[in-house]
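File shown here: protein_30.pdb, holding PDB, C-alpha atoms, pLDDT in the B column.
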```pdb
ATOM      1  CA  MET A 119     -77.701-151.187-129.946  1.00 78.00           C
ATOM      2  CA  CYS A 120     -80.001-153.913-128.606  1.00 93.00           C
ATOM      3  CA  LEU A 121     -82.503-152.655-125.999  1.00 96.00           C
ATOM      4  CA  GLU A 122     -84.835-154.850-123.985  1.00 96.00           C
ATOM      5  CA  ILE A 123     -86.761-154.751-120.748  1.00 97.00           C
ATOM      6  CA  ARG A 124     -86.649-157.505-118.150  1.00 98.00           C
ATOM      7  CA  LYS A 125     -88.758-158.009-115.043  1.00 98.00           C
ATOM      8  CA  LEU A 126     -86.943-158.165-111.697  1.00 98.00           C
ATOM      9  CA  SER A 127     -85.974-161.683-110.671  1.00 97.00           C
ATOM     10  CA  ILE A 128     -84.759-163.014-107.341  1.00 97.00           C
ATOM     11  CA  ASP A 129     -81.837-164.410-109.347  1.00 97.00           C
ATOM     12  CA  ASP A 130     -80.611-160.970-110.499  1.00 98.00           C
ATOM     13  CA  GLY A 131     -76.934-160.591-109.746  1.00 96.00           C
ATOM     14  CA  CYS A 132     -73.948-158.297-109.491  1.00 97.00           C
ATOM     15  CA  ASP A 133     -74.604-156.320-112.681  1.00 98.00           C
ATOM     16  CA  ILE A 134     -77.956-155.074-111.350  1.00 98.00           C
ATOM     17  CA  TYR A 135     -76.505-154.526-107.859  1.00 98.00           C
ATOM     18  CA  GLU A 136     -73.689-152.398-109.297  1.00 98.00           C
ATOM     19  CA  MET A 137     -76.164-150.255-111.256  1.00 98.00           C
ATOM     20  CA  LEU A 138     -78.266-149.722-108.133  1.00 98.00           C
ATOM     21  CA  GLN A 139     -75.169-148.551-106.252  1.00 97.00           C
ATOM     22  CA  GLU A 140     -74.511-145.927-108.965  1.00 96.00           C
ATOM     23  CA  LEU A 141     -78.049-144.551-108.876  1.00 95.00           C
ATOM     24  CA  PRO A 142     -78.773-142.042-106.079  1.00 94.00           C
ATOM     25  CA  ALA A 143     -80.993-143.037-103.149  1.00 93.00           C
ATOM     26  CA  GLU A 144     -83.356-140.222-104.198  1.00 91.00           C
ATOM     27  CA  GLU A 145     -83.298-138.175-107.367  1.00 90.00           C
ATOM     28  CA  ASN A 146     -86.148-136.040-108.660  1.00 87.00           C
ATOM     29  CA  GLY A 147     -88.593-138.013-106.524  1.00 84.00           C
ATOM     30  CA  PHE A 148     -87.421-141.448-107.696  1.00 88.00           C
ATOM     31  CA  ILE A 149     -86.480-143.623-104.717  1.00 91.00           C
ATOM     32  CA  ASN A 150     -83.720-146.231-104.993  1.00 94.00           C
ATOM     33  CA  SER A 151     -83.844-147.954-101.609  1.00 94.00           C
ATOM     34  CA  VAL A 152     -80.909-150.246-102.470  1.00 95.00           C
ATOM     35  CA  ASN A 153     -78.303-147.474-102.760  1.00 96.00           C
ATOM     36  CA  ASN A 154     -75.548-147.998-100.161  1.00 96.00           C
ATOM     37  CA  LYS A 155     -76.908-151.404 -99.127  1.00 97.00           C
ATOM     38  CA  THR A 156     -74.863-154.585 -98.872  1.00 97.00           C
ATOM     39  CA  TYR A 157     -75.158-157.322-101.463  1.00 98.00           C
ATOM     40  CA  ASP A 158     -77.071-159.473 -98.944  1.00 98.00           C
ATOM     41  CA  GLU A 159     -79.501-156.597 -98.297  1.00 98.00           C
ATOM     42  CA  TYR A 160     -79.934-156.233-102.071  1.00 98.00           C
ATOM     43  CA  LYS A 161     -80.782-159.949-102.409  1.00 98.00           C
ATOM     44  CA  GLU A 162     -83.378-159.601 -99.627  1.00 98.00           C
ATOM     45  CA  TRP A 163     -84.804-156.522-101.394  1.00 97.00           C
ATOM     46  CA  LEU A 164     -85.121-158.606-104.593  1.00 98.00           C
ATOM     47  CA  ARG A 165     -87.109-161.233-102.683  1.00 97.00           C
ATOM     48  CA  ARG A 166     -89.433-158.624-101.123  1.00 95.00           C
ATOM     49  CA  SER A 167     -89.874-156.803-104.435  1.00 96.00           C
ATOM     50  CA  ALA A 168     -90.720-160.011-106.325  1.00 96.00           C
ATOM     51  CA  LYS A 169     -93.287-160.903-103.653  1.00 94.00           C
ATOM     52  CA  ASN A 170     -94.721-157.368-103.736  1.00 92.00           C
ATOM     53  CA  SER A 171     -95.308-157.659-107.489  1.00 93.00           C
ATOM     54  CA  ASP A 172     -97.617-160.629-106.872  1.00 91.00           C
ATOM     55  CA  GLN A 173     -99.595-159.032-104.021  1.00 90.00           C
ATOM     56  CA  VAL A 174    -103.216-157.961-104.390  1.00 87.00           C
ATOM     57  CA  GLY A 175    -104.718-154.923-102.685  1.00 88.00           C
ATOM     58  CA  VAL A 176    -103.128-152.435-100.328  1.00 89.00           C
ATOM     59  CA  ILE A 177    -100.196-153.792 -98.304  1.00 79.00           C
ATOM     60  CA  ASP A 178     -99.469-152.645 -94.731  1.00 76.00           C
ATOM     61  CA  GLY A 179    -102.206-150.041 -95.000  1.00 71.00           C
ATOM     62  CA  TRP A 180    -100.467-147.871 -97.602  1.00 75.00           C
ATOM     63  CA  LYS A 181     -98.294-149.721-100.105  1.00 85.00           C
ATOM     64  CA  VAL A 182     -99.670-150.959-103.411  1.00 94.00           C
ATOM     65  CA  PRO A 183     -98.274-153.781-105.551  1.00 95.00           C
ATOM     66  CA  GLU A 184     -95.572-152.686-107.964  1.00 95.00           C
ATOM     67  CA  THR A 185     -93.474-154.468-110.546  1.00 97.00           C
ATOM     68  CA  ILE A 186     -89.855-153.514-111.180  1.00 98.00           C
ATOM     69  CA  PHE A 187     -88.142-153.732-114.547  1.00 98.00           C
ATOM     70  CA  TRP A 188     -84.572-153.322-115.764  1.00 98.00           C
ATOM     71  CA  LEU A 189     -83.650-151.683-119.067  1.00 98.00           C
ATOM     72  CA  LEU A 190     -80.824-153.606-120.705  1.00 98.00           C
ATOM     73  CA  GLU A 191     -78.614-152.319-123.495  1.00 97.00           C
ATOM     74  CA  ASN A 192     -76.628-155.121-125.104  1.00 96.00           C
ATOM     75  CA  ASN A 193     -77.431-157.253-122.013  1.00 95.00           C
ATOM     76  CA  SER A 194     -76.013-154.631-119.620  1.00 97.00           C
ATOM     77  CA  PRO A 195     -78.352-152.818-117.175  1.00 98.00           C
ATOM     78  CA  VAL A 196     -78.706-149.104-117.950  1.00 98.00           C
ATOM     79  CA  GLY A 197     -82.064-148.251-116.380  1.00 97.00           C
ATOM     80  CA  PHE A 198     -84.627-149.112-113.747  1.00 95.00           C
ATOM     81  CA  GLY A 199     -88.397-148.609-113.792  1.00 97.00           C
ATOM     82  CA  LYS A 200     -91.336-149.277-111.498  1.00 97.00           C
ATOM     83  CA  VAL A 201     -95.018-149.724-112.309  1.00 97.00           C
ATOM     84  CA  ARG A 202     -97.600-149.464-109.534  1.00 96.00           C
ATOM     85  CA  HIS A 203    -100.606-151.656-110.300  1.00 96.00           C
ATOM     86  CA  PHE A 204    -103.155-149.109-109.011  1.00 94.00           C
ATOM     87  CA  LEU A 205    -103.227-145.843-107.097  1.00 94.00           C
ATOM     88  CA  THR A 206    -104.493-144.785-103.704  1.00 92.00           C
ATOM     89  CA  ASP A 207    -105.672-141.223-103.063  1.00 89.00           C
ATOM     90  CA  ALA A 208    -102.223-140.428-101.659  1.00 88.00           C
ATOM     91  CA  LEU A 209    -100.464-141.783-104.760  1.00 90.00           C
ATOM     92  CA  LEU A 210    -102.768-139.754-107.011  1.00 91.00           C
ATOM     93  CA  GLU A 211    -101.249-136.663-105.401  1.00 88.00           C
ATOM     94  CA  ASN A 212     -97.701-137.821-104.812  1.00 86.00           C
ATOM     95  CA  GLY A 213     -96.197-140.733-106.693  1.00 87.00           C
ATOM     96  CA  GLY A 214     -98.272-141.859-109.651  1.00 93.00           C
ATOM     97  CA  ASN A 215     -98.068-145.253-111.365  1.00 95.00           C
ATOM     98  CA  VAL A 216     -94.674-145.046-113.034  1.00 96.00           C
ATOM     99  CA  GLY A 217     -91.165-144.055-112.053  1.00 95.00           C
ATOM    100  CA  TYR A 218     -87.937-144.583-113.935  1.00 96.00           C
ATOM    101  CA  THR A 219     -84.286-143.610-113.956  1.00 96.00           C
ATOM    102  CA  ILE A 220     -81.298-144.081-116.222  1.00 97.00           C
ATOM    103  CA  ARG A 221     -77.766-144.840-115.092  1.00 96.00           C
ATOM    104  CA  PRO A 222     -75.729-141.601-115.054  1.00 95.00           C
ATOM    105  CA  PHE A 223     -73.250-142.612-117.786  1.00 95.00           C
ATOM    106  CA  ALA A 224     -76.114-143.605-120.125  1.00 96.00           C
ATOM    107  CA  ARG A 225     -78.159-140.396-119.873  1.00 95.00           C
ATOM    108  CA  GLY A 226     -78.770-138.026-122.739  1.00 93.00           C
ATOM    109  CA  ARG A 227     -79.169-140.763-125.383  1.00 95.00           C
ATOM    110  CA  GLY A 228     -82.944-141.179-125.403  1.00 95.00           C
ATOM    111  CA  LEU A 229     -82.955-144.236-123.140  1.00 97.00           C
ATOM    112  CA  GLY A 230     -85.487-142.688-120.734  1.00 97.00           C
ATOM    113  CA  LYS A 231     -87.934-142.286-123.607  1.00 97.00           C
ATOM    114  CA  LYS A 232     -87.416-145.908-124.645  1.00 97.00           C
ATOM    115  CA  LEU A 233     -87.669-147.196-121.051  1.00 98.00           C
ATOM    116  CA  LEU A 234     -90.971-145.376-120.533  1.00 98.00           C
ATOM    117  CA  SER A 235     -92.315-146.790-123.810  1.00 97.00           C
ATOM    118  CA  PHE A 236     -91.454-150.310-122.589  1.00 98.00           C
ATOM    119  CA  LEU A 237     -93.082-149.585-119.195  1.00 97.00           C
ATOM    120  CA  ILE A 238     -96.273-148.460-120.937  1.00 97.00           C
ATOM    121  CA  VAL A 239     -96.473-151.812-122.748  1.00 96.00           C
ATOM    122  CA  GLU A 240     -95.732-153.728-119.531  1.00 96.00           C
ATOM    123  CA  SER A 241     -98.397-151.697-117.688  1.00 96.00           C
ATOM    124  CA  LYS A 242    -101.006-152.828-120.162  1.00 95.00           C
ATOM    125  CA  GLU A 243     -99.932-156.452-119.568  1.00 94.00           C
ATOM    126  CA  ILE A 244    -100.378-155.908-115.808  1.00 94.00           C
ATOM    127  CA  GLY A 245    -103.855-154.484-116.440  1.00 93.00           C
ATOM    128  CA  VAL A 246    -103.191-150.780-115.893  1.00 95.00           C
ATOM    129  CA  ALA A 247    -105.054-148.910-118.636  1.00 91.00           C
ATOM    130  CA  LYS A 248    -104.065-145.362-117.706  1.00 96.00           C
ATOM    131  CA  LEU A 249    -100.810-144.251-116.111  1.00 97.00           C
ATOM    132  CA  LEU A 250    -100.149-141.195-113.966  1.00 97.00           C
ATOM    133  CA  LEU A 251     -96.688-139.677-113.780  1.00 97.00           C
ATOM    134  CA  THR A 252     -96.085-136.992-111.157  1.00 96.00           C
ATOM    135  CA  ILE A 253     -92.953-135.170-112.258  1.00 96.00           C
ATOM    136  CA  ARG A 254     -91.194-132.378-110.420  1.00 95.00           C
ATOM    137  CA  ASN A 255     -91.320-129.146-112.402  1.00 96.00           C
ATOM    138  CA  GLN A 256     -87.539-128.810-112.561  1.00 95.00           C
ATOM    139  CA  ASN A 257     -87.203-132.283-114.113  1.00 95.00           C
ATOM    140  CA  ILE A 258     -87.625-130.981-117.656  1.00 95.00           C
ATOM    141  CA  PRO A 259     -86.120-134.099-119.332  1.00 94.00           C
ATOM    142  CA  SER A 260     -88.716-136.390-117.707  1.00 95.00           C
ATOM    143  CA  ILE A 261     -91.557-134.044-118.635  1.00 97.00           C
ATOM    144  CA  HIS A 262     -90.361-134.215-122.260  1.00 97.00           C
ATOM    145  CA  VAL A 263     -90.059-138.034-122.050  1.00 97.00           C
ATOM    146  CA  ALA A 264     -93.650-138.351-120.779  1.00 97.00           C
ATOM    147  CA  LEU A 265     -95.023-136.018-123.454  1.00 98.00           C
ATOM    148  CA  ALA A 266     -93.052-137.831-126.183  1.00 97.00           C
ATOM    149  CA  ASN A 267     -94.753-141.062-125.067  1.00 98.00           C
ATOM    150  CA  GLY A 268     -98.248-139.650-125.551  1.00 97.00           C
ATOM    151  CA  GLY A 269     -98.633-138.011-122.158  1.00 98.00           C
ATOM    152  CA  LYS A 270    -101.269-135.361-121.567  1.00 98.00           C
ATOM    153  CA  ILE A 271    -100.765-132.768-118.847  1.00 98.00           C
ATOM    154  CA  GLU A 272    -103.727-132.805-116.467  1.00 97.00           C
ATOM    155  CA  LYS A 273    -102.451-130.053-114.181  1.00 96.00           C
ATOM    156  CA  VAL A 274     -99.360-128.222-113.041  1.00 97.00           C
ATOM    157  CA  THR A 275     -98.944-127.222-109.393  1.00 97.00           C
ATOM    158  CA  ALA A 276     -96.247-125.156-107.728  1.00 97.00           C
ATOM    159  CA  ASP A 277     -93.960-128.192-107.647  1.00 95.00           C
ATOM    160  CA  LYS A 278     -95.263-130.920-110.018  1.00 96.00           C
ATOM    161  CA  HIS A 279     -96.626-131.783-113.424  1.00 97.00           C
ATOM    162  CA  TYR A 280     -99.399-134.409-113.432  1.00 97.00           C
ATOM    163  CA  ILE A 281     -99.230-136.266-116.733  1.00 98.00           C
ATOM    164  CA  TRP A 282    -101.516-139.118-117.833  1.00 98.00           C
ATOM    165  CA  ILE A 283    -100.639-141.702-120.469  1.00 97.00           C
ATOM    166  CA  GLU A 284    -103.060-144.250-121.938  1.00 90.00           C
ATOM    167  CA  SER A 285    -101.394-147.683-122.008  1.00 81.00           C
TER     168      SER A 285
END
```

With the file now loaded, output its structure as structure tokens.
Amino acid sequence: MCLEIRKLSIDDGCDIYEMLQELPAEENGFINSVNNKTYDEYKEWLRRSAKNSDQVGVIDGWKVPETIFWLLENNSPVGFGKVRHFLTDALLENGGNVGYTIRPFARGRGLGKKLLSFLIVESKEIGVAKLLLTIRNQNIPSIHVALANGGKIEKVTADKHYIWIES
């Protein structure tokens, strides 16, 4: 098995689009805004997302720059991750720096753990020294993935775990 991570490109094609159609629009707090969109809407989303990655500061009063990555297994997309470049007060409470998901057919094989490890390395390249993951309490697999990647639980509320990872 050959695993690699690749940054989103405006040239990404049908293989990525098909994966995004398989992933739910929202699952355990992870938002996939391309689910149920047309191919043309997907291509426009790629353009906006690539531009967003290069932005500096807060965008539209609330959005921060984020970079999107694909996890590839033998050159086929099996996962999707996002790294926010910094956090606002709102994102410290709800969102964090990192989100990730694995394609349904590829789950249960440790790919989430590997994807997060790649995202930690990429975060350091972006200049993010410490990552916050806000994980819903019922999402036990993601809590285990974060802890396996060196995460330290800062607090647990009625609905979320707040886990920090040094990049």

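Residues surrounding A:Gly268 within 12 Å are Lys231, Leu234, Ser235, Ile238, Lys248, Leu249, Leu250, Leu251, Ile261, His262, Val263, Ala264, Leu265, Ala266, Lys270, Ile271, Ile281, Trp282, Ile283, Glu284 and Ser285 of chain A [all atoms listed in the file; sequence separation below 2 positions excluded].
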
Self-check item: Straight-line distance linking atom CA of A:Glu191 with atom CA of A:Glu122, stated in Å to one decimal
Solution: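 Answer for the atom CA of A:Glu191 to atom CA of A:Glu122 separation: 6.7 Å.
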
Please produce, as a Markdown table, a per-residue contact table for stretch 208-246 of chain A versus stretch 177-182 of chain A (criterion: any atom at most 10 Å away, all atoms listed in the file considered), showing the nearest atom pair and its distance in Å to one decimal, sorted by chain then residue number.
```
| residue | atom | partner | partner_atom | distance |
| --- | --- | --- | --- | --- |
| A:Ala208 | CA | A:Trp180 | CA | 8.7 |
| A:Leu209 | CA | A:Val182 | CA | 9.3 |
| A:Asn215 | CA | A:Val182 | CA | 9.9 |
```

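Applied to this file, the PyMOL selection byres ((chain A and resi 164) around 10) selects the residues Leu126, Ser127, Ile128, Asp129, Asp130, Gly131, Val152, Asp158, Glu159, Tyr160, Lys161, Glu162, Trp163, Arg165, Arg166, Ser167, Ala168, Lys169, Asn170 and Ile186 of chain A.
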
Quiz item: For A:Ala247, which residue among A:Lys232, A:Lys155, A:Arg124, A:Arg202 is the nearest when counting only C-alpha atoms?
Solution: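 Comparing A:Lys232, A:Lys155, A:Arg124, A:Arg202 against A:Ala247, the winner is A:Arg202.
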
Exercise. Point out the residue among A:Val239, A:Ile149, A:Ala276, A:Val216 with the least atom-to-atom distance to A:Glu184, counting all atoms listed in the file.
Key: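 Of A:Val239, A:Ile149, A:Ala276, A:Val216, the one nearest A:Glu184, counting all atoms listed in the file, is A:Val216.
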
Self-check item: One-decimal distance in Å that lies between atom CA of A:Phe198 and atom CA of A:Ser241
Solution: 14.6 Å

Self-check item: Selected residue, from A:Lys125, A:Lys278, A:Ala224, A:Asp172, that lies nearest to A:Lys200 when counting all atoms listed in the file
Solution: A:Lys125

Quiz prompt | Coordinates-based distance that separates atom CA of A:Tyr157 from atom CA of A:Asn192 (Å, one decimal) | solution = 23.8 Å

Practice problem: Evaluate the PyMOL selection byres ((chain A and resi 136) around 12) on the structure here and hand back the selected residues as a PyMOL selection string. | Solution: chain A and resi 130-135+137-142+152-157+160+194-197+221

Using all atoms of stretch 240-255 of chain A listed in the file and a margin of 4 Å per side, can you give the axis-aligned box centre and edge lengths in Å to one decimal, as AutoDock Vina command-line options?
```
--center_x -98.1 --center_y -142.8 --center_z -115.3 --size_x 21.9 --size_y 35.3 --size_z 17.7
```

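Closest approach to A:Trp188 from the set A:Gly213, A:Ala143, A:Asn150, A:Ile123 is made by A:Ile123, with distances taken over all atoms listed in the file.
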
Using the atoms already present, construct N, CA and C atoms for stretch 196-208 of chain A and hand them back as a tab-separated table (two decimals), keeping the file's coordinate frame.
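This is the output file selection13.tsv:
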```tsv
chain	number	residue	atom	x	y	z
A	196	VAL	N	-78.92	-150.55	-117.83
A	196	VAL	CA	-78.71	-149.10	-117.95
A	196	VAL	C	-79.86	-148.30	-117.37
A	197	GLY	N	-80.93	-148.98	-116.93
A	197	GLY	CA	-82.06	-148.25	-116.38
A	197	GLY	C	-82.92	-149.13	-115.50
A	198	PHE	N	-83.84	-148.48	-114.79
A	198	PHE	CA	-84.63	-149.11	-113.75
A	198	PHE	C	-85.98	-148.41	-113.75
A	199	GLY	N	-87.06	-149.18	-113.82
A	199	GLY	CA	-88.40	-148.61	-113.79
A	199	GLY	C	-89.33	-149.39	-112.89
A	200	LYS	N	-90.35	-148.68	-112.39
A	200	LYS	CA	-91.34	-149.28	-111.50
A	200	LYS	C	-92.72	-148.96	-112.02
A	201	VAL	N	-93.62	-149.93	-111.94
A	201	VAL	CA	-95.02	-149.72	-112.31
A	201	VAL	C	-95.89	-150.12	-111.12
A	202	ARG	N	-96.62	-149.17	-110.58
A	202	ARG	CA	-97.60	-149.46	-109.53
A	202	ARG	C	-98.87	-149.94	-110.21
A	203	HIS	N	-99.47	-151.00	-109.66
A	203	HIS	CA	-100.61	-151.66	-110.30
A	203	HIS	C	-101.90	-150.85	-110.19
A	204	PHE	N	-102.01	-150.01	-109.18
A	204	PHE	CA	-103.16	-149.11	-109.01
A	204	PHE	C	-102.72	-148.00	-108.07
A	205	LEU	N	-103.58	-147.00	-107.92
A	205	LEU	CA	-103.23	-145.84	-107.10
A	205	LEU	C	-104.21	-145.65	-105.95
A	206	THR	N	-103.67	-145.23	-104.82
A	206	THR	CA	-104.49	-144.78	-103.70
A	206	THR	C	-104.68	-143.28	-103.86
A	207	ASP	N	-105.51	-142.68	-103.02
A	207	ASP	CA	-105.67	-141.22	-103.06
A	207	ASP	C	-104.34	-140.52	-102.84
A	208	ALA	N	-103.53	-141.04	-101.93
A	208	ALA	CA	-102.22	-140.43	-101.66
A	208	ALA	C	-101.31	-140.51	-102.88
```
